[in-house]
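J.: My structure is stored as coords-v7.txt, with compact mmCIF, C-alpha atoms.
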```txt
# COMPACT_ATOMS: atom_id res chain seq x y z
CA PRO W 1 10.16 -68.97 -173.50
CA LEU W 2 8.78 -72.43 -172.74
CA HIS W 3 11.80 -74.13 -174.28
CA LEU W 4 15.52 -73.43 -174.02
CA THR W 5 16.61 -73.67 -177.63
CA THR W 6 20.12 -72.16 -177.76
CA PRO W 7 23.47 -72.60 -175.98
CA LEU W 8 23.08 -69.07 -174.61
CA SER W 9 19.79 -69.94 -172.91
CA LEU W 10 21.34 -73.06 -171.33
CA HIS W 11 24.35 -71.09 -170.08
CA GLU W 12 22.11 -68.42 -168.54
CA THR W 13 20.05 -71.09 -166.78
CA LEU W 14 23.21 -72.79 -165.51
CA THR W 15 24.78 -69.61 -164.15
CA SER W 16 21.54 -68.68 -162.38
CA PHE W 17 21.51 -72.13 -160.78
CA LEU W 18 25.16 -71.84 -159.72
CA THR W 19 24.40 -68.53 -158.00
CA VAL W 20 21.57 -70.14 -156.01
CA ALA W 21 23.75 -73.18 -155.21
CA ILE W 22 26.65 -71.08 -153.91
CA HIS W 23 24.42 -69.04 -151.60
CA THR W 24 22.91 -72.34 -150.39
CA ILE W 25 26.38 -73.71 -149.61
CA LEU W 26 27.38 -70.57 -147.70
CA TYR W 27 24.25 -70.78 -145.57
CA THR W 28 24.09 -74.51 -144.89
CA ARG W 29 27.83 -74.76 -144.11
CA ALA W 30 27.57 -71.76 -141.75
CA LEU W 31 30.35 -69.77 -143.39
CA TYR W 32 28.48 -66.60 -142.44
CA PRO W 33 26.02 -65.97 -139.57
CA PRO W 34 22.42 -67.01 -140.35
CA ALA W 35 21.24 -63.46 -139.63
CA THR W 36 23.12 -62.23 -142.71
CA PHE W 37 20.87 -64.27 -145.01
CA LEU W 38 17.34 -63.68 -146.17
CA THR W 39 14.85 -66.36 -147.20
CA THR W 40 13.61 -66.22 -150.77
CA ARG W 41 12.46 -68.71 -153.42
CA ALA W 42 14.10 -70.24 -156.45
CA TYR W 43 12.52 -72.89 -158.66
CA ASN W 44 9.50 -72.69 -156.35
CA PHE W 45 11.64 -73.85 -153.43
CA PRO W 46 12.67 -71.86 -150.32
CA VAL W 47 16.37 -70.90 -150.42
CA HIS W 48 18.69 -68.56 -148.55
CA GLN W 49 20.59 -65.65 -150.03
CA SER W 50 23.32 -63.57 -148.46
CA ARG W 51 22.32 -59.99 -147.75
CA HIS W 52 25.89 -58.69 -147.63
CA PRO W 53 26.51 -56.49 -150.71
CA ALA W 54 30.21 -57.38 -150.93
CA VAL W 55 29.52 -61.13 -150.82
CA CYS W 56 26.82 -60.87 -153.47
CA GLU W 57 29.02 -58.70 -155.69
CA TRP W 58 31.93 -61.12 -155.40
CA ILE W 59 29.75 -64.13 -156.27
CA ASN W 60 28.12 -62.34 -159.21
CA SER W 61 31.54 -61.30 -160.54
CA ALA W 62 32.84 -64.87 -160.30
CA ILE W 63 29.75 -66.24 -162.05
CA ALA W 64 30.15 -63.68 -164.86
CA SER W 65 33.75 -64.83 -165.35
CA ILE W 66 32.61 -68.46 -165.42
CA ASP W 67 30.01 -67.60 -168.05
CA VAL W 68 32.75 -66.29 -170.37
CA LEU W 69 34.64 -69.59 -170.06
CA LEU W 70 31.45 -71.62 -170.55
CA GLN W 71 30.78 -69.89 -173.84
CA LYS W 72 34.28 -70.76 -175.00
CA GLY W 73 33.76 -74.40 -174.05
CA SER W 74 36.75 -74.35 -171.70
CA VAL W 75 35.07 -75.51 -168.49
CA LYS W 76 35.05 -79.09 -167.26
CA ARG W 77 33.96 -78.49 -163.66
CA ILE W 78 33.00 -75.61 -161.41
CA VAL W 79 34.25 -76.11 -157.86
CA VAL W 80 33.44 -74.38 -154.56
CA PRO W 81 36.24 -75.34 -152.15
CA ILE W 82 36.03 -74.59 -148.43
CA PHE W 83 39.28 -74.03 -146.54
CA SER W 84 40.10 -74.04 -142.85
CA GLU W 85 41.69 -71.03 -141.19
CA LYS W 86 45.06 -72.71 -141.88
CA GLY W 87 44.27 -73.10 -145.58
CA GLU W 88 43.54 -76.83 -145.42
CA VAL W 89 40.91 -78.22 -147.82
CA MET W 90 37.83 -79.17 -145.80
CA GLU W 91 35.23 -79.74 -148.51
CA ARG W 92 34.80 -79.29 -152.23
CA PHE W 93 31.42 -78.86 -153.91
CA MET W 94 31.69 -80.17 -157.46
CA PHE W 95 29.56 -79.25 -160.49
CA ASP W 96 30.55 -81.22 -163.60
CA VAL W 97 29.53 -79.51 -166.86
CA GLU W 98 31.84 -81.38 -169.24
CA ARG W 99 28.88 -82.58 -171.32
CA PHE W 100 27.45 -79.08 -171.65
CA PRO W 101 27.33 -77.79 -175.25
CA ALA W 102 30.16 -75.45 -176.18
CA ALA W 103 29.45 -72.64 -178.62
CA GLY W 104 31.46 -69.79 -180.06
CA GLU W 105 30.40 -66.17 -180.16
CA THR W 106 28.49 -66.62 -183.43
CA GLU W 107 26.84 -69.89 -182.35
CA ARG W 108 25.42 -68.76 -179.03
CA TRP W 109 22.03 -68.01 -180.60
CA ALA W 110 21.97 -71.01 -182.96
CA GLU W 111 19.04 -73.29 -182.16
CA PHE W 112 19.58 -76.94 -181.33
CA GLU W 113 18.44 -79.54 -183.81
CA ALA W 114 15.03 -81.04 -183.14
CA ARG W 115 15.08 -84.42 -181.43
CA ASP W 116 12.95 -86.58 -183.70
CA GLN W 117 13.54 -90.30 -183.52
CA HIS W 118 10.57 -91.05 -185.79
CA PRO W 119 10.96 -88.98 -188.98
CA ASP W 120 8.18 -90.92 -190.73
CA PRO W 121 4.92 -90.04 -189.01
CA ILE W 122 2.66 -92.94 -188.07
CA PRO W 123 -0.82 -92.28 -189.42
CA ASN W 124 -3.62 -92.04 -186.90
CA PRO W 125 -6.22 -94.73 -187.66
CA ASN W 126 -8.92 -92.45 -186.29
CA ALA W 127 -8.59 -89.03 -187.85
CA ASN W 128 -11.34 -87.63 -185.61
CA THR W 129 -9.36 -88.07 -182.39
CA ASN W 130 -6.10 -86.72 -181.05
CA GLN W 131 -5.11 -90.01 -179.45
CA ASN W 132 -1.50 -91.00 -179.99
CA PRO W 133 -1.56 -94.31 -181.90
CA ASN W 134 1.89 -95.19 -180.60
CA PRO W 135 2.26 -94.60 -176.84
CA ASN W 136 6.01 -95.24 -177.07
CA ILE W 137 6.57 -92.00 -178.96
CA ASN W 138 7.58 -89.09 -176.74
CA PRO W 139 5.27 -86.10 -177.44
CA ASN W 140 8.31 -83.80 -177.07
CA GLU W 141 10.14 -85.46 -179.95
CA GLY W 142 10.49 -83.16 -182.91
CA LYS W 143 10.57 -80.08 -180.70
CA THR W 144 13.65 -77.90 -180.55
CA GLY W 145 15.48 -77.40 -177.27
CA VAL W 146 14.68 -78.43 -173.72
CA SER W 147 11.53 -77.74 -171.77
CA ARG W 148 12.14 -74.95 -169.25
CA ALA W 149 9.62 -76.54 -166.89
CA ASP W 150 11.50 -79.87 -167.01
CA ILE W 151 14.86 -78.24 -166.28
CA GLU W 152 13.51 -76.08 -163.45
CA GLU W 153 11.88 -79.13 -161.89
CA GLN W 154 15.22 -80.95 -161.94
CA LEU W 155 17.10 -77.89 -160.67
CA ARG W 156 14.62 -77.66 -157.79
CA GLY W 157 15.38 -81.30 -156.97
CA THR W 158 19.12 -80.59 -157.16
CA ILE W 159 18.94 -77.65 -154.75
CA ARG W 160 16.80 -79.74 -152.39
CA ARG W 161 19.33 -82.58 -152.51
CA LEU W 162 22.22 -80.15 -152.01
CA ASP W 163 20.51 -78.61 -149.00
CA TYR W 164 19.85 -82.07 -147.53
CA ALA W 165 23.38 -83.35 -148.20
CA CYS W 166 24.90 -80.28 -146.55
CA SER W 167 22.72 -80.75 -143.48
CA LYS W 168 24.14 -84.27 -143.03
CA LEU W 169 27.80 -83.21 -143.16
CA SER W 170 29.73 -82.86 -139.93
CA PRO W 171 30.23 -79.26 -138.76
CA LEU W 172 33.16 -77.24 -140.05
CA PRO W 173 35.70 -75.59 -137.75
CA GLU W 174 35.32 -71.88 -137.11
CA ASN W 175 36.66 -69.19 -139.44
CA CYS W 176 36.53 -71.26 -142.61
CA ASN W 177 36.52 -69.46 -145.95
CA PHE W 178 35.61 -70.39 -149.50
CA SER W 179 36.59 -69.74 -153.07
CA ILE W 180 35.28 -70.52 -156.56
CA ALA W 181 37.45 -72.41 -159.04
CA VAL W 182 37.16 -73.94 -162.49
CA GLU W 183 38.79 -77.08 -163.83
CA LEU W 184 39.51 -76.76 -167.55
CA ARG W 185 38.83 -79.35 -170.22
CA ASP W 186 41.70 -81.41 -171.57
CA ALA W 187 40.74 -80.70 -175.18
CA HIS W 188 43.47 -79.03 -177.20
CA ASP W 189 41.02 -76.47 -178.57
CA ALA W 190 39.86 -75.37 -175.10
CA GLU W 191 41.04 -71.81 -174.51
CA PRO W 192 42.79 -71.17 -171.17
CA PRO W 193 41.71 -68.04 -169.26
CA ILE W 194 44.70 -65.83 -170.09
CA GLY W 195 44.75 -62.16 -170.89
CA HIS W 196 44.51 -58.82 -169.14
CA PRO W 197 42.80 -57.98 -166.89
CA GLN W 198 42.89 -61.49 -165.45
CA PRO W 199 40.03 -62.50 -163.10
CA TRP W 200 41.51 -65.97 -162.48
CA ILE W 201 44.63 -67.08 -160.63
CA PRO W 202 46.09 -70.61 -160.36
CA SER W 203 44.58 -72.69 -157.57
CA GLU W 204 46.56 -74.15 -154.69
CA PRO W 205 49.13 -76.79 -155.78
CA SER W 206 47.24 -79.49 -153.86
CA LEU W 207 44.20 -78.83 -156.08
CA GLN W 208 46.01 -78.66 -159.40
CA THR W 209 44.90 -81.22 -161.99
CA GLY W 210 48.09 -81.14 -164.10
CA GLU W 211 50.91 -83.67 -164.21
CA LYS W 212 52.37 -84.39 -160.79
CA GLY W 213 55.88 -85.32 -161.83
CA ASP W 214 57.98 -85.90 -158.71
CA SER W 215 55.88 -83.53 -156.60
CA GLU W 216 54.07 -84.94 -153.58
CA THR W 217 51.96 -81.80 -153.27
CA ILE W 218 50.34 -81.34 -156.68
CA GLY W 219 46.85 -82.81 -156.72
CA LYS W 220 47.08 -84.44 -153.28
CA ASP W 221 43.73 -82.98 -152.14
CA LEU W 222 41.80 -83.93 -155.29
CA GLY W 223 39.01 -86.43 -154.75
CA GLY W 224 39.02 -86.08 -150.98
CA VAL W 225 38.63 -89.10 -148.73
CA ARG W 226 34.85 -89.27 -148.86
CA SER W 227 32.42 -88.46 -151.66
CA VAL W 228 28.76 -87.58 -151.19
CA PRO W 229 26.59 -87.75 -154.34
CA VAL W 230 24.08 -84.95 -154.82
CA ARG W 231 22.38 -85.44 -158.18
CA LEU W 232 22.84 -86.21 -161.86
CA LEU W 233 20.66 -83.94 -163.97
CA GLU W 234 19.96 -84.92 -167.58
CA ALA W 235 17.48 -82.93 -169.64
CA GLY W 236 18.34 -82.93 -173.32
CA GLU W 237 21.44 -80.83 -173.85
CA PHE W 238 21.40 -79.75 -170.19
CA VAL W 239 23.60 -82.29 -168.39
CA LEU W 240 24.98 -81.52 -164.93
CA GLU W 241 26.36 -83.74 -162.16
CA ALA W 242 26.92 -82.51 -158.61
CA TRP W 243 28.64 -84.11 -155.63
CA ILE W 244 30.61 -83.20 -152.50
CA GLU W 245 34.15 -84.22 -151.61
CA GLU W 246 35.28 -84.16 -147.99
CA GLY W 247 38.99 -83.52 -147.55
CA ARG W 248 41.48 -85.45 -145.49
CA ALA W 249 42.15 -82.49 -143.20
CA LYS W 250 38.53 -82.50 -142.06
CA PHE W 251 39.00 -85.83 -140.31
CA GLU W 252 42.48 -85.29 -138.87
```
Could you render the structure as structure tokens?
T.:
Amino acid sequence: PLHLTTPLSLHETLTSFLTVAIHTILYTRALYPPATFLTTRAYNFPVHQSRHPAVCEWINSAIASIDVLLQKGSVKRIVVPIFSEKGEVMERFMFDVERFPAAGETERWAEFEARDQHPDPIPNPNANTNQNPNPNINPNEGKTGVSRADIEEQLRGTIRRLDYACSKLSPLPENCNFSIAVELRDAHDAEPPIGHPQPWIPSEPSLQTGEKGDSETIGKDLGGVRSVPVRLLEAGEFVLEAWIEEGRAKFE
């Protein structure tokens, strides 16, 4: 379809983007040898994808679990942290989706309302032409959803910016590893990922977002010591912000 008109279509587009972004991070941060990646294209832009079946399966499984939480409206941010061999936080790749539309099981296919800021049409003084009498009116107003072409153009720009930002970061030490985490919304109606089987486990105490109390460990690695902006993407209901945090341990 030319337009993404439902929460489900936005979630599918987001999860596809996250998959591309994670493979890009693994390649550009040299977490695996370059020979284990193949070059392909996404959003009409050259990208790298891991060829290792176990890596791809693990990423796809994590993305599927994220998709379940997105549909429940529980996710505030998706995070890709990179750890040193000693478990120290080197970098965190942040994807803020707090402004993404949340929808229940029965609302996933419900179409968004049309964005029409001019409900009273302005008559065309020349009925024989198709010229817009008011150039300030957006031709997309009144249409339902978000243009797929617009979103893919912005996602292409985001992947390009991510690739560039990663290339400017200082090298990581050898034998680093990564994970995928989610930060949950603070809303009382946001459902935590509990149940059985459980694909999620609590993150390291230094990356917990809860109350610190008297602990000097909880949350101490949040925010990092240096932040690198990647891109803010706004296209109708599709709102995503990405940035990189470099941890204190990286500079010690």
J.: For a quick check of understanding, using only C-alpha atoms, which of W:Met90, W:Ala249, W:Ala30, W:Ile151 has the smallest distance to W:Leu10?
T.: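 Of the candidates, the smallest distance to W:Leu10 is held by W:Ile151.
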J.: Write out as a count of residues only which residues come within 10 Å of W:Leu31 when counting only C-alpha atoms, dropping same-chain ones fewer than 2 positions away.
T.: 15
J.: Just the number, please: distance in Å from atom CA of W:Leu70 to atom CA of W:Arg99, one decimal.
T.: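 Here the two named atoms are 11.3 Å from each other.
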J.: Go through W:Val80, W:Leu184, W:Met94, W:Ala235 one by one, measure the shortest atom-to-atom distance of each to W:Ile59 using all atoms listed in the file, and give the residue with the smallest value.
T.: W:Val80
J.: Which residues, protein or nucleic acid, reach to within 10 Å of (17.7, -77.9, -157.8) in the file's coordinates when using all atoms listed in the file, and can you give that as a ChimeraX atom specification?
T.: /W:17-18,20-21,42-45,151-163,230-231,233
J.: Nearest to W:Phe95: which of W:Ser147, W:Ser61, W:Thr40, W:Thr15 is it, counting all atoms listed in the file?
T.: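 With all atoms listed in the file as the atom set, the closest residue is W:Thr15.
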J.: Of the candidates W:His11, W:Arg248, W:Arg41, W:His3, which one gets nearest to W:Phe83 if we count all atoms listed in the file?
T.: W:Arg248
J.: Distance atom CA of W:Ile22-atom CA of W:Phe37, one decimal place?
T.: 12.6 Å
J.: Calculated over only C-alpha atoms, which of the candidates W:Thr36, W:Pro101, W:Leu169, W:Glu252 has the smallest distance to W:Val55?
T.: W:Thr36
J.: What is the distance, in Å and to one decimal place, between atom CA of W:Thr13 and atom CA of W:Gly247?
T.: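 If I compute the distance from atom CA of W:Thr13 to atom CA of W:Gly247, I get 29.7 Å.
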J.: With distances taken over only C-alpha atoms, which residue among W:Arg148, W:His23, W:Lys168, W:Arg92 lies nearest W:Ile244?
T.: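 Using only C-alpha atoms, the shortest distance to W:Ile244 belongs to W:Arg92.
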